[in-house]
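In what follows, a single structure is set out as structure tokens and then discussed.
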Amino acid sequence: MARLTIDRAQKRFGSYLALDHVSIDVEDGEFLAVLGPSGCGKTTLLRQIAGFDKLDGGAIRIGERLVSSAETHIPPEHRKLGIVFQSYALWPHMTVAENVAYGLTVAGVRDPERARRVAAALDLVGLNGFAERRPGLLSGGQRQRVALARCLVTEPSLVLLDEPLANLDVHLRAAMEDEFARFHERTGTTMVYITHDQAEAMALADRIAVMDRGRLLQLATPSLLYREPANATVAGFIGEGMVLPATVLSAPQAGRCRVKVLGLEAVVRCRPDQPVTDGAKLCLRARDIGLAATGQDGLAAAVERLSYQGGHFRLEARPACAGDTLLHLDANEPAPAAPGDTVRIAIHDGWVIPDAGALREVA
Ligand SMILES: Nc1ncnc2c1ncn2[C@@H]1O[C@H](COP(=O)(O)OP(=O)(O)OP(=O)(O)O)[C@@H](O)[C@H]1O
């Protein structure tokens, strides 16, 4: 186990800065997810940590050891890493046990030590009855567990996982999420998990690094990312936040301030240093708004769509005062309105997106 320190990492492809001064500290034993849309630089970052590519600037340390900088490049096989790929990358002609033993064989570990460690790794991923099978006769989830066992058997100080569940169906993904979480609990290995699936990142990670266009936008716990996004991109990307222009009317008091949004006044959450301004942005989650009760202040909006989500509806409505804005909220059964109806929407909560906090950790 080891901590991982990424310090102002830079990687260029021609004139494009695929990693733009990315700094992330991963604690010893931490589970970090790197999350972002396609092309944001997740794989590029993983390749730098693994040592498949050379850094153009900055530094990467595993434990105390400098493994990457513009001048230093320790090759992947000397980084004490385990890597689990989306594609499993198992040898089809070898049995499960032989696949798992491969890294040990290459490292010169012989039986009975090798057999003992292979059995222990298969046990850890719940595959001890499958040692003699070939990968072709396993399900996708079982193959991914073999890949995990193969990575663990060498006792890496750091495990990198590159979208390991992307090829699995929804049910298997959920089961494997549990598997990864249990595995992390049992071994305490430091893990960096690359994904574009925010539900997966939220379910598994201690902290999430959100990236966009080569930059780190925010590094925080799943709950903080959801409740207090540092900027409009994170607000929109995580939890389908609605980002709306707002006026902050009052100075913060006990973490809240009064705002005016879409002509309606509301009390929402904000940072303690939030200034009074007419140029603020408010992040609203579906759960922050709802249909106004009789006599309650509300915003007139025309219902455009109603979709059943199992137990509740998702209602999309366009405010009369802001034709380019579409709000979405959850409404209980039975359906409270139909497309074309006018409803009144109340704002119960929200978060004033901090102005200048875009590149620092909000923790
Ligand atoms: N070898 C390369 N040469 C040129 N450009 C590259 C190379 N590798 C990546 N890029 C570019 O760098 C950017 C980041 O790519 P990267 O593969 O890291 O994104 P990603 O977040 O992993 O995306 P995805 O989720 O689609 O895999 C993209 O614009 C990509 O086109």
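Every chain in the structure tokens takes a letter, A first, then B, and so on in the order presented; its residues are numbered from 1, and the ligands are numbered from 1 following the presented order.
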
Test item: residues at most 10 Å from Ser139 of chain A, only C-alpha atoms, excluding those fewer than 4 positions along its chain, as a VMD selection string: chain A and resid 135 143 to 145 168 172

Written selection (N, CA and C atoms) as a compact mmCIF listing (two decimals), in the first residue's frame:
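This went into again-v4.txt:
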# COMPACT_ATOMS: atom_id res chain seq x y z
N PRO A 135 -10.88 -19.13 -19.30
CA PRO A 135 -11.69 -17.91 -19.25
C PRO A 135 -12.90 -17.95 -20.18
N ARG A 143 -14.95 -13.31 -15.20
CA ARG A 143 -13.68 -12.95 -15.86
C ARG A 143 -13.08 -11.71 -15.21
N GLN A 144 -13.95 -10.75 -14.87
CA GLN A 144 -13.42 -9.54 -14.25
C GLN A 144 -12.83 -9.87 -12.87
N ARG A 145 -13.43 -10.85 -12.19
CA ARG A 145 -12.88 -11.24 -10.88
C ARG A 145 -11.54 -11.94 -11.03
N LEU A 168 -20.10 -4.86 -18.54
CA LEU A 168 -21.04 -5.75 -17.86
C LEU A 168 -22.46 -5.19 -17.87
N LEU A 172 -25.05 -7.17 -13.12
CA LEU A 172 -23.70 -7.63 -12.81
C LEU A 172 -22.84 -6.47 -12.32

Just want the residues within 6 Å of ligand 1, written as a count of residues only, counting only C-alpha atoms and all ligand atoms. 9

Which distance in Å separates atom CA of Leu81 of chain A and atom CA of Ile49 of chain A, to one decimal?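 Separating atom CA of Leu81 of chain A from atom CA of Ile49 of chain A is a distance of 9.2 Å.
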
Selected residue of minimal separation from Phe85 of chain A among A:Ala121, A:Leu127, A:Val146, A:Arg65, counting only C-alpha atoms: A:Val146

Excluding Ile74 of chain A and its own-chain neighbours fewer than 3 positions away, which residues fall within 12 Å of it when counting only C-alpha atoms? Please give them as a count of residues only. 24

Length of the atom CA of Gly36 of chain A to atom CA of Arg173 of chain A vector [Å]: 18.8 Å

Which of segment 69-271 of chain A counts as alpha helix (DSSP H) under DSSP, as number ranges by chain please? A: 96-106, 113-124, 140-152, 170-187, 198-204, 222-227, 232-237

Near Val267 of chain A, within 8 Å and counting only C-alpha atoms, which residues show up once chain neighbours fewer than 3 positions away are dropped, as an mmCIF file with N, CA and C atoms, in the first residue's frame?
data_model
loop_
_atom_site.group_PDB
_atom_site.id
_atom_site.type_symbol
_atom_site.label_atom_id
_atom_site.label_comp_id
_atom_site.auth_asym_id
_atom_site.auth_seq_id
_atom_site.Cartn_x
_atom_site.Cartn_y
_atom_site.Cartn_z
ATOM 1 N N ARG A 256 -26.548 29.926 5.111
ATOM 2 C CA ARG A 256 -27.661 30.142 4.173
ATOM 3 C C ARG A 256 -27.772 31.611 3.813
ATOM 4 N N CYS A 257 -28.333 31.881 2.647
ATOM 5 C CA CYS A 257 -28.593 33.268 2.274
ATOM 6 C C CYS A 257 -29.898 33.330 1.468
ATOM 7 N N ARG A 258 -30.395 34.539 1.332
ATOM 8 C CA ARG A 258 -31.644 34.731 0.570
ATOM 9 C C ARG A 258 -31.263 35.072 -0.866
ATOM 10 N N VAL A 259 -31.901 34.406 -1.817
ATOM 11 C CA VAL A 259 -31.606 34.673 -3.229
ATOM 12 C C VAL A 259 -32.903 34.960 -3.979
ATOM 13 N N HIS A 348 -37.262 24.802 -2.392
ATOM 14 C CA HIS A 348 -37.050 24.520 -0.967
ATOM 15 C C HIS A 348 -35.586 24.685 -0.566
ATOM 16 N N ASP A 349 -34.691 24.431 -1.513
ATOM 17 C CA ASP A 349 -33.266 24.424 -1.172
ATOM 18 C C ASP A 349 -32.479 24.675 -2.458
ATOM 19 N N GLY A 350 -31.158 24.755 -2.318
ATOM 20 C CA GLY A 350 -30.296 24.988 -3.469
ATOM 21 C C GLY A 350 -28.914 25.339 -2.955
#

Contacts of Ala331 of chain A within 12 Å, only C-alpha atoms, excl. fewer than 3 positions in-chain, as a PyMOL selection string: chain A and resi 286-292+306-317+328+334-338+343+345

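Compared by their closest atoms to Leu124 of chain A, and using only C-alpha atoms, the residues A:Ala149, A:Ala220, A:Val261, A:Ala107 rank with A:Ala149 nearest.
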
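Between Gln86 of chain A and the residues A:Glu155, A:Ser23, A:Phe130, A:Leu161, the shortest atom-to-atom distance, using only C-alpha atoms, involves A:Leu161.
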
Could you check the closest approach to Thr342 of chain A for each of A:Val248, A:Leu219, A:Val109, A:Ala300 and tell me which residue wins, using only C-alpha atoms? A:Ala300

List the spatial neighbours of Gly263 of chain A as a PDB file with N, CA and C atoms, in the first residue's frame - criterion: any atom at most 12 Å away, only C-alpha atoms, same-chain residues fewer than 6 positions off excluded.
ATOM      1  N   LEU A 244     -28.839  28.027 -12.654  1.00  0.00           N
ATOM      2  CA  LEU A 244     -29.654  29.183 -13.024  1.00  0.00           C
ATOM      3  C   LEU A 244     -29.017  30.476 -12.528  1.00  0.00           C
ATOM      4  N   PRO A 245     -29.138  31.570 -13.312  1.00  0.00           N
ATOM      5  CA  PRO A 245     -28.640  32.852 -12.819  1.00  0.00           C
ATOM      6  C   PRO A 245     -29.477  33.298 -11.616  1.00  0.00           C
ATOM      7  N   ALA A 246     -28.804  33.893 -10.633  1.00  0.00           N
ATOM      8  CA  ALA A 246     -29.522  34.294  -9.412  1.00  0.00           C
ATOM      9  C   ALA A 246     -28.902  35.556  -8.836  1.00  0.00           C
ATOM     10  N   THR A 247     -29.666  36.233  -8.005  1.00  0.00           N
ATOM     11  CA  THR A 247     -29.166  37.389  -7.253  1.00  0.00           C
ATOM     12  C   THR A 247     -29.086  36.988  -5.781  1.00  0.00           C
ATOM     13  N   ASP A 297     -45.745  30.457  -2.142  1.00  0.00           N
ATOM     14  CA  ASP A 297     -45.191  31.149  -3.306  1.00  0.00           C
ATOM     15  C   ASP A 297     -44.724  30.133  -4.330  1.00  0.00           C
ATOM     16  N   GLY A 298     -44.983  30.383  -5.585  1.00  0.00           N
ATOM     17  CA  GLY A 298     -44.546  29.428  -6.601  1.00  0.00           C
ATOM     18  C   GLY A 298     -44.317  30.104  -7.932  1.00  0.00           C
ATOM     19  N   LEU A 299     -43.647  29.376  -8.767  1.00  0.00           N
ATOM     20  CA  LEU A 299     -43.248  29.874 -10.073  1.00  0.00           C
ATOM     21  C   LEU A 299     -44.142  29.200 -11.109  1.00  0.00           C
ATOM     22  N   ALA A 300     -44.836  29.992 -11.928  1.00  0.00           N
ATOM     23  CA  ALA A 300     -45.726  29.376 -12.925  1.00  0.00           C
ATOM     24  C   ALA A 300     -44.889  28.730 -14.023  1.00  0.00           C
ATOM     25  N   PRO A 319     -40.595  27.361 -17.106  1.00  0.00           N
ATOM     26  CA  PRO A 319     -41.148  28.536 -16.426  1.00  0.00           C
ATOM     27  C   PRO A 319     -41.661  29.567 -17.432  1.00  0.00           C
ATOM     28  N   ALA A 320     -42.775  30.192 -17.114  1.00  0.00           N
ATOM     29  CA  ALA A 320     -43.365  31.196 -18.006  1.00  0.00           C
ATOM     30  C   ALA A 320     -42.393  32.368 -18.196  1.00  0.00           C
ATOM     31  N   CYS A 321     -41.580  32.683 -17.151  1.00  0.00           N
ATOM     32  CA  CYS A 321     -40.712  33.857 -17.210  1.00  0.00           C
ATOM     33  C   CYS A 321     -39.340  33.552 -17.823  1.00  0.00           C
ATOM     34  N   ALA A 322     -39.045  32.286 -18.136  1.00  0.00           N
ATOM     35  CA  ALA A 322     -37.725  31.942 -18.674  1.00  0.00           C
ATOM     36  C   ALA A 322     -37.886  30.790 -19.659  1.00  0.00           C
ATOM     37  N   ILE A 345     -44.256  26.000  -9.084  1.00  0.00           N
ATOM     38  CA  ILE A 345     -43.099  25.291  -8.523  1.00  0.00           C
ATOM     39  C   ILE A 345     -42.494  26.111  -7.388  1.00  0.00           C
ATOM     40  N   ALA A 346     -42.266  25.439  -6.246  1.00  0.00           N
ATOM     41  CA  ALA A 346     -41.636  26.099  -5.089  1.00  0.00           C
ATOM     42  C   ALA A 346     -40.186  25.652  -4.987  1.00  0.00           C
ATOM     43  N   ILE A 347     -39.332  26.547  -4.472  1.00  0.00           N
ATOM     44  CA  ILE A 347     -37.909  26.204  -4.283  1.00  0.00           C
ATOM     45  C   ILE A 347     -37.663  26.028  -2.791  1.00  0.00           C
TER      46      ILE A 347
END

DSSP on the backbone, strand (DSSP E or B) only: what residues of segment 101-330 of chain A does that give? Format it as a VMD selection string. chain A and resid 158 to 162 190 to 195 207 to 212 215 to 220 242 to 248 253 256 to 261 264 to 269 277 to 284 289 to 291 299 to 308 312 to 319 327 to 330

Find the residues around Trp351 of chain A up to 7 Å (only C-alpha atoms counted), leave out those fewer than 5 positions away in its own chain, and share them as a ChimeraX atom specification. /A:228,268-270,282-284

Using only C-alpha atoms, find the one residue out of A:Val96, A:Ala147, A:Gln218, A:His196 that sits nearest to Asn128 of chain A.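 Of A:Val96, A:Ala147, A:Gln218, A:His196, the one nearest Asn128 of chain A is A:Val96, counting only C-alpha atoms.
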
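Taking atom CA of Ile208 of chain A and atom CA of Ala33 of chain A as the two end points, the separation is 4.7 Å.
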
Counting only C-alpha atoms, which of A:Leu216, A:Ala251, A:Ala115, A:Leu158 gets nearest to Ile24 of chain A?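 Among the listed residues, the smallest separation from Ile24 of chain A belongs to A:Leu216.
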